[in-house]
Amino acid sequence: MPRNGPDITVPDLSGRRAVVTGGSDGVGLGVATRLAAAGAEVVLPVRNPAKGDAAVARIRALVPAARVSLRELDLSSLASVAALGKTLREEDEPIHVLVGNAGVMTPPDRRTTADGFELQFGTNHLGHVALVAHLLPLLRAGAARVTSQISVAAARGSINWDDLSWEHSYDGMKAYRQSKIAFGLFAVELDRRSRAHGWGITSNLSHPGVAPTNLLAARPEVGRSRETMGRRMIGALSARGVLFGTAESAGLPAVYAATSLAARGGRLYGPSGPGHVGGPPAEQALYRPLRDEAEAARVWAASEGLAAVSF
């Protein structure tokens, strides 16, 4: 598979099972392809079966020997998350890699999940929290590496504890920051609790930098009929090799965090170029909003209650 730009060496993953959310296009598809090329059996939980089929065909075109299959998942529905957990537990195959990559970004107006949570908080954070909880026995059996995809947006902002679902004074970007900060705090706390309780799971974080992905493209399901001006600008600069990464290079930090023997628990990995928006992956300082252990414990407890799961 010839590639341009930065690249990494991925260790042999033969005999390992990897689950990648948001793997039907963009960064997630790139992550899934690299894991499959390294020999992993890749499970793609998808909301849209047609996009899932196209993703499988794309992976097999690039990796003819790929072992890849689809499962059904809508992260904005806790019932759907629970159903996937039940399906995979019944398959009774240890999971060695889980990449929580799926997400939505800045709907033009406030939208909610099937369970009534603000869409970004419910999908980007609570859906993934519930997924990890439902898969915990399989993750423990596989001594899994769990990599949570956050965003450069999590470098600043905070949790809106007085209004987690943004029912008042909705701000799409602030709500997006909150969802990624919460997810990052959960990931740090997961690693801490795994070490404390002997779960055998390593949890770390990644971010893709900035690249022309589908987060800001036309997304009718979140009320966006056309791609944003920012998406057009990012695409133009990326195509010229200026500053930003590509959809392929943006997935490398997650692949590195999920597979490298040098990647450690509780650490953040992202592009190492100027402004950390492009370039090869490397460890980076944990964002300030993600360093507060008390805040991480508070997010963990609140998330268990809201997602109706227990670890």
# chains A, B, ... in the order shown; residues from 1 in each chain; ligands from 1
>>> residues_around(residues="Val31 (chain A)", least_positions_apart="3", cutoff="10 Å", atoms="only C-alpha atoms", output="list of chain:residue names")
A:Val20, A:Thr21, A:Gly22, A:Gly23, A:Asp25, A:Gly26, A:Val27, A:Gly28, A:Arg34, A:Leu35, A:Ala36, A:Ala37, A:Val99, A:Asn101, A:Ala247, A:Glu248, A:Ser249, A:Ala250, A:Gly251, A:Leu252, A:Pro253, A:Ala254, A:Val255, A:Tyr256, A:Ala258
>>> residues_around(residues="Arg267 (chain A)", least_positions_apart="6", cutoff="7 Å", atoms="only C-alpha atoms", output="VMD selection string")
chain A and resid 204 to 205 286
>>> write_last_selection(atoms="C-alpha atoms", output="CSV table (one decimal), in the first residue's frame")
chain,number,residue,atom,x,y,z
A,204,ASN,CA,-4.3,6.0,26.2
A,205,LEU,CA,-5.4,8.9,24.1
A,286,LEU,CA,-1.5,15.8,28.2
>>> atom_distance(atom1="CA of Gly39 (chain A)", atom2="CA of Gly15 (chain A)")
7.3 Å
>>> closest_atom_pairs(of="region 70-163 of chain A", to="region 290-295 of chain A", cutoff="12 Å", atoms="only C-alpha atoms", output="Markdown table")
| residue | atom | partner | partner_atom | distance |
| --- | --- | --- | --- | --- |
| A:Ile150 | CA | A:Leu290 | CA | 10.8 |
| A:Ser151 | CA | A:Leu290 | CA | 11.9 |
| A:Val152 | CA | A:Leu290 | CA | 12.0 |
| A:Ala153 | CA | A:Leu290 | CA | 11.9 |
| A:Ala154 | CA | A:Leu290 | CA | 8.1 |
| A:Ala155 | CA | A:Leu290 | CA | 8.2 |
| A:Arg156 | CA | A:Leu290 | CA | 9.4 |
| A:Gly157 | CA | A:Leu290 | CA | 10.2 |
| A:Ser158 | CA | A:Leu290 | CA | 9.4 |
| A:Ile159 | CA | A:Glu295 | CA | 9.0 |
| A:Asn160 | CA | A:Glu295 | CA | 11.9 |
| A:Trp161 | CA | A:Glu295 | CA | 10.7 |
>>> residues_around(residues="Phe121 (chain A)", least_positions_apart="2", cutoff="8 Å", atoms="only C-alpha atoms", output="PyMOL selection string")
chain A and resi 117-119+123-126+164-165+175-176+178-179
>>> select_by_dssp(residues="region 41-285 of chain A", states="helix (DSSP H, G or I)", output="ChimeraX atom specification")
/A:49-62,78-91,119-141,152-155,172-197,214-216,220-222,229-239,247-250,252-259,274-276
>>> residues_around(residues="Val56 (chain A)", least_positions_apart="3", cutoff="12 Å", atoms="only C-alpha atoms", output="short mmCIF file (atom, residue, chain, number, x, y, z; two decimals) with N, CA, C and O atoms, in the first residue's frame")
data_model
loop_
_atom_site.label_atom_id
_atom_site.label_comp_id
_atom_site.auth_asym_id
_atom_site.auth_seq_id
_atom_site.Cartn_x
_atom_site.Cartn_y
_atom_site.Cartn_z
N GLY A 23 -15.25 3.48 11.66
CA GLY A 23 -14.32 2.96 10.68
C GLY A 23 -14.85 2.88 9.26
O GLY A 23 -14.19 2.31 8.40
N SER A 24 -16.01 3.46 9.00
CA SER A 24 -16.58 3.35 7.66
C SER A 24 -16.07 4.40 6.69
O SER A 24 -16.29 4.29 5.48
N ASP A 25 -15.39 5.43 7.20
CA ASP A 25 -14.80 6.43 6.29
C ASP A 25 -13.74 7.23 7.03
O ASP A 25 -13.50 7.04 8.22
N LEU A 29 -11.46 4.74 8.81
CA LEU A 29 -11.21 3.78 7.74
C LEU A 29 -9.71 3.57 7.56
O LEU A 29 -9.24 2.43 7.36
N GLY A 30 -8.94 4.66 7.65
CA GLY A 30 -7.50 4.53 7.56
C GLY A 30 -6.93 3.71 8.70
O GLY A 30 -6.04 2.86 8.50
N ALA A 32 -8.52 1.39 10.47
CA ALA A 32 -8.94 0.00 10.27
C ALA A 32 -8.10 -0.69 9.20
O ALA A 32 -7.72 -1.86 9.35
N THR A 33 -7.79 0.03 8.13
CA THR A 33 -7.00 -0.53 7.05
C THR A 33 -5.60 -0.89 7.52
O THR A 33 -5.08 -1.97 7.21
N ALA A 36 -5.75 -3.97 9.73
CA ALA A 36 -5.97 -5.17 8.92
C ALA A 36 -4.70 -5.56 8.17
O ALA A 36 -4.37 -6.75 8.05
N VAL A 42 -10.34 -7.36 12.07
CA VAL A 42 -10.92 -6.04 12.35
C VAL A 42 -12.43 -6.12 12.32
O VAL A 42 -13.03 -6.58 11.35
N VAL A 43 -13.04 -5.66 13.40
CA VAL A 43 -14.50 -5.57 13.51
C VAL A 43 -14.88 -4.10 13.38
O VAL A 43 -14.37 -3.26 14.14
N LEU A 44 -15.77 -3.80 12.45
CA LEU A 44 -16.23 -2.43 12.24
C LEU A 44 -17.69 -2.32 12.65
O LEU A 44 -18.58 -2.76 11.91
N PRO A 45 -17.98 -1.75 13.80
CA PRO A 45 -19.38 -1.47 14.16
C PRO A 45 -19.81 -0.19 13.45
O PRO A 45 -19.17 0.85 13.61
N VAL A 46 -20.88 -0.26 12.65
CA VAL A 46 -21.28 0.88 11.84
C VAL A 46 -22.77 1.16 11.98
O VAL A 46 -23.56 0.27 12.27
N PRO A 49 -25.15 0.58 7.06
CA PRO A 49 -24.65 -0.66 6.45
C PRO A 49 -24.04 -0.45 5.06
O PRO A 49 -23.06 -1.11 4.71
N ALA A 50 -24.61 0.45 4.26
CA ALA A 50 -24.09 0.68 2.92
C ALA A 50 -22.67 1.24 2.98
O ALA A 50 -21.77 0.81 2.24
N LYS A 51 -22.45 2.22 3.86
CA LYS A 51 -21.11 2.76 4.04
C LYS A 51 -20.17 1.69 4.59
O LYS A 51 -18.99 1.63 4.23
N GLY A 52 -20.70 0.85 5.47
CA GLY A 52 -19.89 -0.23 6.01
C GLY A 52 -19.44 -1.20 4.94
O GLY A 52 -18.27 -1.60 4.89
N ASP A 53 -20.36 -1.58 4.04
CA ASP A 53 -20.01 -2.48 2.94
C ASP A 53 -18.94 -1.85 2.05
O ASP A 53 -18.01 -2.54 1.59
N ILE A 59 -11.12 -1.79 2.10
CA ILE A 59 -10.04 -2.44 2.84
C ILE A 59 -9.54 -3.67 2.10
O ILE A 59 -8.33 -3.89 1.96
N ARG A 60 -10.47 -4.48 1.59
CA ARG A 60 -10.07 -5.71 0.90
C ARG A 60 -9.38 -5.42 -0.43
O ARG A 60 -8.54 -6.20 -0.90
N ALA A 61 -9.71 -4.28 -1.06
CA ALA A 61 -9.02 -3.90 -2.29
C ALA A 61 -7.56 -3.57 -2.00
O ALA A 61 -6.67 -3.85 -2.82
N LEU A 62 -7.31 -2.98 -0.84
CA LEU A 62 -5.95 -2.62 -0.46
C LEU A 62 -5.21 -3.76 0.25
O LEU A 62 -3.99 -3.87 0.15
N VAL A 63 -5.98 -4.58 0.96
CA VAL A 63 -5.40 -5.69 1.72
C VAL A 63 -6.21 -6.95 1.38
O VAL A 63 -7.17 -7.30 2.07
N PRO A 64 -5.87 -7.61 0.29
CA PRO A 64 -6.70 -8.74 -0.18
C PRO A 64 -6.92 -9.83 0.88
O PRO A 64 -7.98 -10.47 0.88
N ALA A 65 -5.96 -10.02 1.77
CA ALA A 65 -6.10 -11.07 2.79
C ALA A 65 -6.76 -10.57 4.07
O ALA A 65 -6.80 -11.29 5.07
N ALA A 66 -7.31 -9.36 4.02
CA ALA A 66 -7.87 -8.76 5.24
C ALA A 66 -9.00 -9.60 5.82
O ALA A 66 -9.85 -10.11 5.09
N ARG A 67 -9.00 -9.69 7.14
CA ARG A 67 -10.12 -10.30 7.86
C ARG A 67 -10.89 -9.15 8.51
O ARG A 67 -10.46 -8.59 9.51
N VAL A 68 -11.99 -8.78 7.90
CA VAL A 68 -12.75 -7.62 8.36
C VAL A 68 -14.23 -7.93 8.25
O VAL A 68 -14.68 -8.55 7.29
N SER A 69 -15.00 -7.51 9.24
CA SER A 69 -16.43 -7.77 9.24
C SER A 69 -17.16 -6.63 9.91
O SER A 69 -16.57 -5.84 10.66
N LEU A 70 -18.47 -6.54 9.65
CA LEU A 70 -19.30 -5.46 10.16
C LEU A 70 -20.16 -5.94 11.32
O LEU A 70 -20.54 -7.11 11.39
N ARG A 71 -20.48 -5.01 12.22
CA ARG A 71 -21.50 -5.21 13.23
C ARG A 71 -22.33 -3.93 13.25
O ARG A 71 -21.89 -2.89 12.77
#
>>> closest_residue(among="A:His134, A:Lys180, A:Arg58, A:His197", to="Val81 (chain A)", atoms="only C-alpha atoms")
A:His134
>>> atom_distance(atom1="CA of Ser272 (chain A)", atom2="CA of Ala257 (chain A)")
13.6 Å
